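Report on the following structure.
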Amino acid sequence: MRNIQILLRQHVGAPCEAIVKAGDAVKKGTLIATPTGLGANIFSSVYGVVEEVLEDRIVIKPDAEQPEEFVEIKEGDKLEMVKEAGIVGMGGAGFPTSVKIGTDLNGGYVLVNAAECEPGLRHNMAQLEEQTDITIRGLKYCMEICNAGKGIIAIKKKNEKAVEAVRAAIKDEDNIFIHLMPDIYPMGEERAVVRECLDVLLETTQLPSAANAVVINCETLLRIAEAIELRKPSFSKHLTVIGKLNDGRAPHVYFDMPVGMAVEDLIEMSSGIEEPYGEIIMGGPFTGKSTTLESPITKTTGGIIVTVEFPDLHGAPVGLLVCACGGSEDRMREICEKMNGKVVSVAACKQAVAAKPGAPLKCENPGNCPGQAQKVLQFKKDGAEYTIIGNCSDCSNTVMGSAPQMKLKVFHQTDHVMRTIGHPLYRRLTISKQVEQLPNGK
């Protein structure tokens with residue numbers, strides 16, 4: 001194993017401050033950095049020696065032997081142990097979990113985000129199938145801490161094996177339910193989960209607390225249970241490796257990989273890259289970012305994707321339609337550059353709004369988008385021959401209602417990933433949004 005590089009910012013808020021120095025021996029679970037404001041404790045994920053403490057990371061040389069034992073967190077009440085364990089939202093955002101669940105919901109809802117919305121990722125479903133009981137115990141702990149009256153597990157109907165595993169685990173529970181979700185992107189967006197489960201459409205500036213709820217990723221629940229039952233710090237991650245690999249395109253699912261492990265190590269575990277390739281993405285096809293082989297995984301890393309090569313647009317003019325549910329404008333520009341296109345026009349999706357200038361875009365109604373003809377017309381007027389979109393399932397559908405009529409060729413920012421993993425390209429929505437509801441939510 002290469003050196004472990006543990007970033008000091010693995011969460012929403014300010015970077016943590018290192019409390020170790022070069023030469024210090026560490027174990028799994030040794031506290032190595034603490035918050036300077038909003039944040040979460042950071043622990044060593046291996047036995048080894050600290051080689052360097054840099055401005056943004058702690059570098060640890062792992063020992064040859066890696067015992068399973070770890071340094072336990074101190075005893076306390078359940079919320080204190082969640083905080084002590086350094087748990088953050090493991091679905092991508094990384095908000096400190098002790099802050100999120102440290103509120104009295106007065107009988108409200110804990111909504112479990114088990115949508116696993118990004119195409120190609122598989123580790124959340126594998127967890128629900130193989131680690132069902134501890135996940136449900138984590139939900140119960142959350143409900144107890146938050147004083148929630150109900151827990152609702154939001155999961156896509158297509159994931160039949162996971163649905164059956166959860167249904168069996170909650171068959172004797174009278175306050176935990178399943179909500180079946182349609183298979184469209186972005187059903188895993190926090191406000192989409194609230195809308196689908198509670199029939200409440202939050203404003204873009206509102207948190208789930210406005211609907212008397214909190215939304216928790218299913219892996220986060222598992223880490224909560226580990227902290228309370230095992231006194232285990234948060235230093236490992238479930239994730240998926242998929243893409244242009246030597247052994248094919250099937251996903252490789254890994255449980256409890258050490259935080260700080262190099263992308264290259266995980267790809268080598270998965271048979272290695274089949275050359276040539278386009279790029280490596282950390283995260284999912286929609287919201288992930290390009291990365292390098294040397295980059296370390298964090299508490300929020302969900303996927304590592306190796307893609308096929310990009311098509312060559314030979315310098316053709318391109319319009320970018322930026323969506324709140326997909327990549328940022330910078331990411332779209334990067335993809336256009338890798339396709340050898342020239343950006344001549346940029347527009348935001350009709351429903352993408354920012355709370356203030358420079359703030360991240362948010363969709364007014366995730367997954368339910370109006371027509372985009374006006375934006376497409378702008379691209380045509382600005383001389384574009386192609387458009388690259390990063391939209392959700394529904395919004396992509398509306399683009400296709402106008403772009404071909406204007407002789408604009410459409411690429412989606414995820415095309416190179418979808419082609420790699422054999423997933424249908426995002427162009428036209430072909431499935432019904434209506435899903436069967438289980439009696440009493442079960």
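In the structure tokens, each chain is lettered A, B, ... as it comes, each chain's residues begin at 1, and ligands are numbered from 1 in order of appearance.
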Problem set entry | Residues near range 8-20 of chain A, cut-off 7 Å, only C-alpha atoms, skip fewer than 6 positions along chain, as a ChimeraX atom specification | /A:32-39,56-57,88,93-96,298-299
For this session: Apply DSSP to the backbone of this structure and, from range 219-391 of chain A, keep only the residues in alpha helix (DSSP H); write these as a PyMOL selection string.
Result: chain A and resi 219-230+263-269+329-338+373-381
Would you put the residues from that selection into a file with N, CA, C and O atoms, as a compact mmCIF listing (two decimals), in the first residue's frame?
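Listing of part.txt after writing:
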```txt
# COMPACT_ATOMS: atom_id res chain seq x y z
N GLU A 219 -25.14 4.94 4.31
CA GLU A 219 -23.84 4.58 4.90
C GLU A 219 -23.60 5.36 6.19
O GLU A 219 -22.99 4.84 7.13
N THR A 220 -24.07 6.58 6.24
CA THR A 220 -23.93 7.38 7.47
C THR A 220 -24.61 6.67 8.64
O THR A 220 -24.10 6.67 9.76
N LEU A 221 -25.76 6.04 8.38
CA LEU A 221 -26.44 5.29 9.44
C LEU A 221 -25.57 4.16 9.96
O LEU A 221 -25.49 3.94 11.18
N LEU A 222 -24.90 3.46 9.07
CA LEU A 222 -24.03 2.37 9.49
C LEU A 222 -22.90 2.89 10.38
O LEU A 222 -22.57 2.29 11.41
N ARG A 223 -22.32 4.02 10.00
CA ARG A 223 -21.22 4.58 10.80
C ARG A 223 -21.72 5.04 12.17
O ARG A 223 -20.99 4.97 13.17
N ILE A 224 -22.97 5.52 12.23
CA ILE A 224 -23.56 5.91 13.52
C ILE A 224 -23.67 4.68 14.42
O ILE A 224 -23.32 4.72 15.61
N ALA A 225 -24.17 3.58 13.87
CA ALA A 225 -24.30 2.36 14.65
C ALA A 225 -22.94 1.86 15.12
O ALA A 225 -22.78 1.41 16.26
N GLU A 226 -21.92 1.93 14.25
CA GLU A 226 -20.57 1.51 14.64
C GLU A 226 -20.03 2.36 15.78
O GLU A 226 -19.40 1.84 16.70
N ALA A 227 -20.27 3.65 15.72
CA ALA A 227 -19.77 4.55 16.78
C ALA A 227 -20.42 4.22 18.12
O ALA A 227 -19.75 4.17 19.16
N ILE A 228 -21.72 3.98 18.12
CA ILE A 228 -22.46 3.75 19.36
C ILE A 228 -22.22 2.35 19.90
O ILE A 228 -22.04 2.16 21.11
N GLU A 229 -22.20 1.36 19.03
CA GLU A 229 -22.09 -0.03 19.49
C GLU A 229 -20.66 -0.50 19.65
O GLU A 229 -20.35 -1.30 20.55
N LEU A 230 -19.77 -0.04 18.77
CA LEU A 230 -18.39 -0.53 18.76
C LEU A 230 -17.39 0.51 19.24
O LEU A 230 -16.21 0.21 19.36
N VAL A 263 -6.24 6.60 -5.14
CA VAL A 263 -7.09 6.13 -6.23
C VAL A 263 -6.41 4.99 -6.98
O VAL A 263 -7.04 3.99 -7.34
N GLU A 264 -5.12 5.11 -7.21
CA GLU A 264 -4.39 4.10 -7.98
C GLU A 264 -4.44 2.74 -7.30
O GLU A 264 -4.59 1.70 -7.97
N ASP A 265 -4.35 2.70 -5.97
CA ASP A 265 -4.42 1.43 -5.26
C ASP A 265 -5.77 0.75 -5.47
O ASP A 265 -5.85 -0.47 -5.67
N LEU A 266 -6.84 1.52 -5.43
CA LEU A 266 -8.17 0.96 -5.60
C LEU A 266 -8.39 0.48 -7.03
O LEU A 266 -9.02 -0.56 -7.25
N ILE A 267 -7.85 1.22 -8.00
CA ILE A 267 -7.97 0.78 -9.40
C ILE A 267 -7.16 -0.49 -9.63
O ILE A 267 -7.62 -1.42 -10.31
N GLU A 268 -5.98 -0.59 -9.03
CA GLU A 268 -5.17 -1.80 -9.18
C GLU A 268 -5.87 -3.00 -8.53
O GLU A 268 -5.82 -4.12 -9.05
N MET A 269 -6.56 -2.78 -7.41
CA MET A 269 -7.35 -3.84 -6.78
C MET A 269 -8.46 -4.32 -7.71
O MET A 269 -8.93 -5.46 -7.60
N GLU A 329 -20.21 24.94 -13.98
CA GLU A 329 -19.75 25.50 -15.25
C GLU A 329 -18.28 25.15 -15.49
O GLU A 329 -17.89 24.82 -16.62
N ASP A 330 -17.47 25.18 -14.43
CA ASP A 330 -16.06 24.83 -14.59
C ASP A 330 -15.90 23.38 -15.07
O ASP A 330 -15.07 23.09 -15.94
N ARG A 331 -16.70 22.49 -14.51
CA ARG A 331 -16.63 21.09 -14.93
C ARG A 331 -17.09 20.94 -16.38
O ARG A 331 -16.47 20.20 -17.17
N MET A 332 -18.14 21.66 -16.77
CA MET A 332 -18.63 21.59 -18.14
C MET A 332 -17.57 22.11 -19.12
O MET A 332 -17.36 21.55 -20.20
N ARG A 333 -16.91 23.20 -18.73
CA ARG A 333 -15.85 23.75 -19.58
C ARG A 333 -14.70 22.75 -19.71
O ARG A 333 -14.10 22.62 -20.78
N GLU A 334 -14.37 22.08 -18.62
CA GLU A 334 -13.30 21.08 -18.67
C GLU A 334 -13.67 19.97 -19.65
O GLU A 334 -12.83 19.53 -20.46
N ILE A 335 -14.90 19.50 -19.59
CA ILE A 335 -15.33 18.43 -20.50
C ILE A 335 -15.29 18.91 -21.95
O ILE A 335 -14.84 18.19 -22.84
N CYS A 336 -15.75 20.13 -22.19
CA CYS A 336 -15.72 20.68 -23.54
C CYS A 336 -14.28 20.75 -24.06
O CYS A 336 -14.01 20.41 -25.21
N GLU A 337 -13.36 21.17 -23.20
CA GLU A 337 -11.95 21.24 -23.60
C GLU A 337 -11.41 19.86 -23.92
O GLU A 337 -10.67 19.68 -24.90
N LYS A 338 -11.79 18.87 -23.14
CA LYS A 338 -11.32 17.51 -23.39
C LYS A 338 -11.92 16.93 -24.67
O LYS A 338 -11.36 15.99 -25.25
N ALA A 373 -36.25 25.48 -24.42
CA ALA A 373 -36.15 25.98 -25.79
C ALA A 373 -35.46 27.34 -25.86
O ALA A 373 -34.67 27.61 -26.77
N GLN A 374 -35.73 28.22 -24.89
CA GLN A 374 -35.14 29.55 -24.91
C GLN A 374 -33.62 29.48 -24.79
O GLN A 374 -32.89 30.22 -25.46
N LYS A 375 -33.13 28.57 -23.92
CA LYS A 375 -31.68 28.42 -23.75
C LYS A 375 -31.04 27.86 -25.03
O LYS A 375 -29.98 28.29 -25.46
N VAL A 376 -31.71 26.87 -25.62
CA VAL A 376 -31.20 26.27 -26.85
C VAL A 376 -31.17 27.31 -27.96
O VAL A 376 -30.21 27.37 -28.75
N LEU A 377 -32.19 28.16 -28.03
CA LEU A 377 -32.23 29.22 -29.03
C LEU A 377 -31.07 30.18 -28.84
O LEU A 377 -30.46 30.66 -29.82
N GLN A 378 -30.71 30.46 -27.59
CA GLN A 378 -29.55 31.32 -27.32
C GLN A 378 -28.29 30.71 -27.90
O GLN A 378 -27.48 31.42 -28.53
N PHE A 379 -28.10 29.41 -27.70
CA PHE A 379 -26.91 28.75 -28.24
C PHE A 379 -26.86 28.88 -29.76
O PHE A 379 -25.81 29.15 -30.34
N LYS A 380 -28.00 28.69 -30.41
CA LYS A 380 -28.06 28.77 -31.86
C LYS A 380 -27.70 30.18 -32.34
O LYS A 380 -26.92 30.35 -33.30
N LYS A 381 -28.24 31.18 -31.67
CA LYS A 381 -27.94 32.58 -32.04
C LYS A 381 -26.47 32.92 -31.84
O LYS A 381 -25.91 33.74 -32.56
```
Exercise. Between A:Asn340, A:Thr204, A:Asn3, A:Thr132, which has the minimum distance to Ser295 in chain A (counting only C-alpha atoms)?
Worked result: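 Among A:Asn340, A:Thr204, A:Asn3, A:Thr132, it is A:Asn3 that comes nearest to Ser295 in chain A.
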For this session: Pull the strand (DSSP E or B) assignments for range 8-203 of chain A out of DSSP run on the backbone, and list those residues as a count of residues only.
Result: 43
Exercise. Can you tell me, as number ranges by chain, what residues are no more than 10 Å from range 321-326 of chain A when counting only C-alpha atoms, ignoring any on the same chain fewer than 3 positions away?
Worked result: A: 185-186, 189, 284-288, 318, 329-333, 345-354, 360-364, 366-367, 372, 375-376, 379, 387-393, 395, 399, 412-414
For this session: May I ask which of the residues A:Leu105, A:Ile152, A:Ile178, A:Ser270 is the closest one to Ala211 in chain A, counting only C-alpha atoms?
Result: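 Closest to Ala211 in chain A, using only C-alpha atoms: A:Leu105.
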Problem set entry | Interatomic distance (Å, one decimal) between CA of Asp172 in chain A and CA of Ala148 in chain A | 17.9 Å
Problem set entry | CA of Glu309 in chain A to CA of Met90 in chain A, straight-line distance in Å |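 Those two atoms sit 29.5 Å apart.
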Exercise. What is the distance between CA of Arg419 in chain A and CA of Ile304 in chain A, in Å to one decimal?
Worked result: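 Between CA of Arg419 in chain A and CA of Ile304 in chain A the gap is 15.7 Å.
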For this session: Quick one: everything within 9 Å of Leu429 in chain A, counting only C-alpha atoms, minus sequence neighbours fewer than 3 positions away in the same chain. Send it as a ChimeraX atom specification.
Result: /A:184,393-398,426,432
For this session: Name the residues in contact with Ala169 in chain A at a cut-off of 12 Å, using only C-alpha atoms, excluding same-chain residues fewer than 6 positions from it; report them as a PyMOL selection string.
Result: chain A and resi 128-137+139+153+162-163+176-178+442
For the residues selected in the previous step, produce a file with C-alpha atoms as a PDB file, in the first residue's frame.
```
ATOM      1  CA  LEU A 128     -28.562  -2.598   2.243  1.00  0.00           C
ATOM      2  CA  GLU A 129     -28.424  -6.177   0.976  1.00  0.00           C
ATOM      3  CA  GLU A 130     -25.485  -7.369   3.095  1.00  0.00           C
ATOM      4  CA  GLN A 131     -25.467  -5.089   6.153  1.00  0.00           C
ATOM      5  CA  THR A 132     -29.192  -4.576   6.555  1.00  0.00           C
ATOM      6  CA  ASP A 133     -29.549  -5.049  10.308  1.00  0.00           C
ATOM      7  CA  ILE A 134     -26.799  -2.651  11.393  1.00  0.00           C
ATOM      8  CA  THR A 135     -28.114  -0.061   8.940  1.00  0.00           C
ATOM      9  CA  ILE A 136     -31.600  -0.278  10.462  1.00  0.00           C
ATOM     10  CA  ARG A 137     -30.107  -0.059  13.959  1.00  0.00           C
ATOM     11  CA  LEU A 139     -31.695   4.504  11.724  1.00  0.00           C
ATOM     12  CA  ILE A 153     -36.248   4.637   3.707  1.00  0.00           C
ATOM     13  CA  ALA A 162     -32.258  -4.377  -1.524  1.00  0.00           C
ATOM     14  CA  VAL A 163     -35.954  -3.550  -1.125  1.00  0.00           C
ATOM     15  CA  ILE A 176     -40.210   2.539   9.913  1.00  0.00           C
ATOM     16  CA  PHE A 177     -41.405   2.508   6.319  1.00  0.00           C
ATOM     17  CA  ILE A 178     -40.173   2.126   2.739  1.00  0.00           C
ATOM     18  CA  LYS A 442     -43.952  -0.902   3.506  1.00  0.00           C
TER      19      LYS A 442
END
```
For this session: Find, counting only C-alpha atoms, the residue in A:Ile73, A:Met282, A:Leu313, A:Leu320 that gets nearest to Glu118 in chain A.
Result: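 Checking each of A:Ile73, A:Met282, A:Leu313, A:Leu320 against Glu118 in chain A, counting only C-alpha atoms, the winner is A:Met282.
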For this session: Name all residues at most 9 Å from range 46-50 of chain A (count only C-alpha atoms; drop same-chain ones fewer than 5 positions away) and give them as a list in words.
Result: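 In the requested format, the answer is Ile4, Val20, Lys21, Ala22, Gly23, Asp24, Ala25, Val26, Lys27, Lys28, Gly29, Thr30, Ile58, Val59, Ile60, Lys61, Pro62, Asp63, Ala64, Glu65, Gln66, Pro67, Phe70, Phe235, Pro258 and Val259 of chain A.
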